[in-house]
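Student: I have a structure here, written as structure tokens, and I will follow up with some questions on it.
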Amino acid sequence: MLERIPMTRVGYDKLKAELDHLEHVEKPKLAQRVADARAEGDLSENAEYHGARESLGMLEAKINQKRDQLSRAALVDPSKVPKDEVAFGCTVVVKDLDLDDVEEFTLVGAGEEDYTVGKILITSPLAQGMVGKKVGQTVEIVVPMGTTRFEILEIRYEDT
């Protein structure tokens, strides 16, 4: 069974727009590059042709990934999630008990993630380790470099 990907309408629409751009703008450009390079003659020694074909293949893979995400989308209405625990759409402020740092994460769906500003995927191990927890609770999450321990300091939701 395929796992559903939680996302908001905004994230879904953003992914759909990205897919549309890739299919209707980027793909025709690359297809033209392949055709132009093919017209240059001998394909066995035509680096431009092989490069364009490789770029087209990578673009196709990206298109297929976005189609897959959209096909498995499970739209979530943030106004219907519990407000007293960590859940989809919340911003959670945590204290890293090992580093004594305070960090803030917003749990978002596919298409809305931006790790530079703390927007992490709800499906990530870090987010999954915090889901369902309440203010004051301590969580231990296994990460590639070991185990991270957080204390949940605050949970807030944007007005929905």
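Ligands are numbered from 1 in the order shown, residues from 1 within each chain, and chains are lettered A, B, ... in the order they appear in the structure tokens.
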Would you pick out the contacts of Leu70 in chain A at 10 Å or less, using only C-alpha atoms, so that residues sharing its chain but fewer than 4 positions from it are not included, and give the list as number ranges by chain?

Tutor: A: 4-5, 7, 11-13, 15-16, 19, 64-66, 74, 110-111

Student: List the spatial neighbours of Asp96 in chain A as a ChimeraX atom specification - criterion: any atom at most 10 Å away, only C-alpha atoms, same-chain residues fewer than 3 positions off excluded.

Tutor: /A:93,99-103,138-139,148-152

Student: Given the choices A:Lys119, A:Val108, A:Cys90, A:Gly129, which gets closest to Glu154 in chain A if the distance is worked out from only C-alpha atoms?

Tutor: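 Among the listed residues, A:Cys90 lies closest to Glu154 in chain A.
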
Student: Can you measure CA of Gly132 in chain A to CA of Gln69 in chain A for me? One decimal in Å is fine.

Tutor: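 Taking CA of Gly132 in chain A as the start and CA of Gln69 in chain A as the end point, the length is 24.3 Å.
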
Student: If you count only C-alpha atoms, which residues fall within 10 Å of Ala31 in chain A, apart from same-chain ones fewer than 6 positions away, as JSON, numbers by chain?

Tutor: {"A": [37, 52, 53, 55, 56]}

Student: Go ahead and save the residues from that selection, with C-alpha atoms, as a PDB file, in the first residue's frame.

Tutor:
```pdb
ATOM      1  CA  ALA A  37      22.236  18.518 -30.968  1.00  0.00           C
ATOM      2  CA  ALA A  52      21.041  17.129 -23.371  1.00  0.00           C
ATOM      3  CA  ARG A  53      19.697  13.554 -23.259  1.00  0.00           C
ATOM      4  CA  SER A  55      19.421  16.425 -18.641  1.00  0.00           C
ATOM      5  CA  LEU A  56      16.132  15.350 -20.212  1.00  0.00           C
TER       6      LEU A  56
END
```

Student: Which polymer residues have any atom within 8 Å of an atom of Gly89 in chain A, counting only C-alpha atoms, with same-chain residues fewer than 6 positions away left out, as a PDB file with C-alpha atoms, in the first residue's frame?

Tutor:
```pdb
ATOM      1  CA  PRO A  78      -4.933  22.551   9.630  1.00  0.00           C
ATOM      2  CA  THR A 106       7.203  24.191  11.580  1.00  0.00           C
ATOM      3  CA  LEU A 107       5.771  20.837  10.480  1.00  0.00           C
ATOM      4  CA  VAL A 108       4.629  21.119   6.874  1.00  0.00           C
ATOM      5  CA  TYR A 157      -0.605  27.283  15.325  1.00  0.00           C
TER       6      TYR A 157
END
```
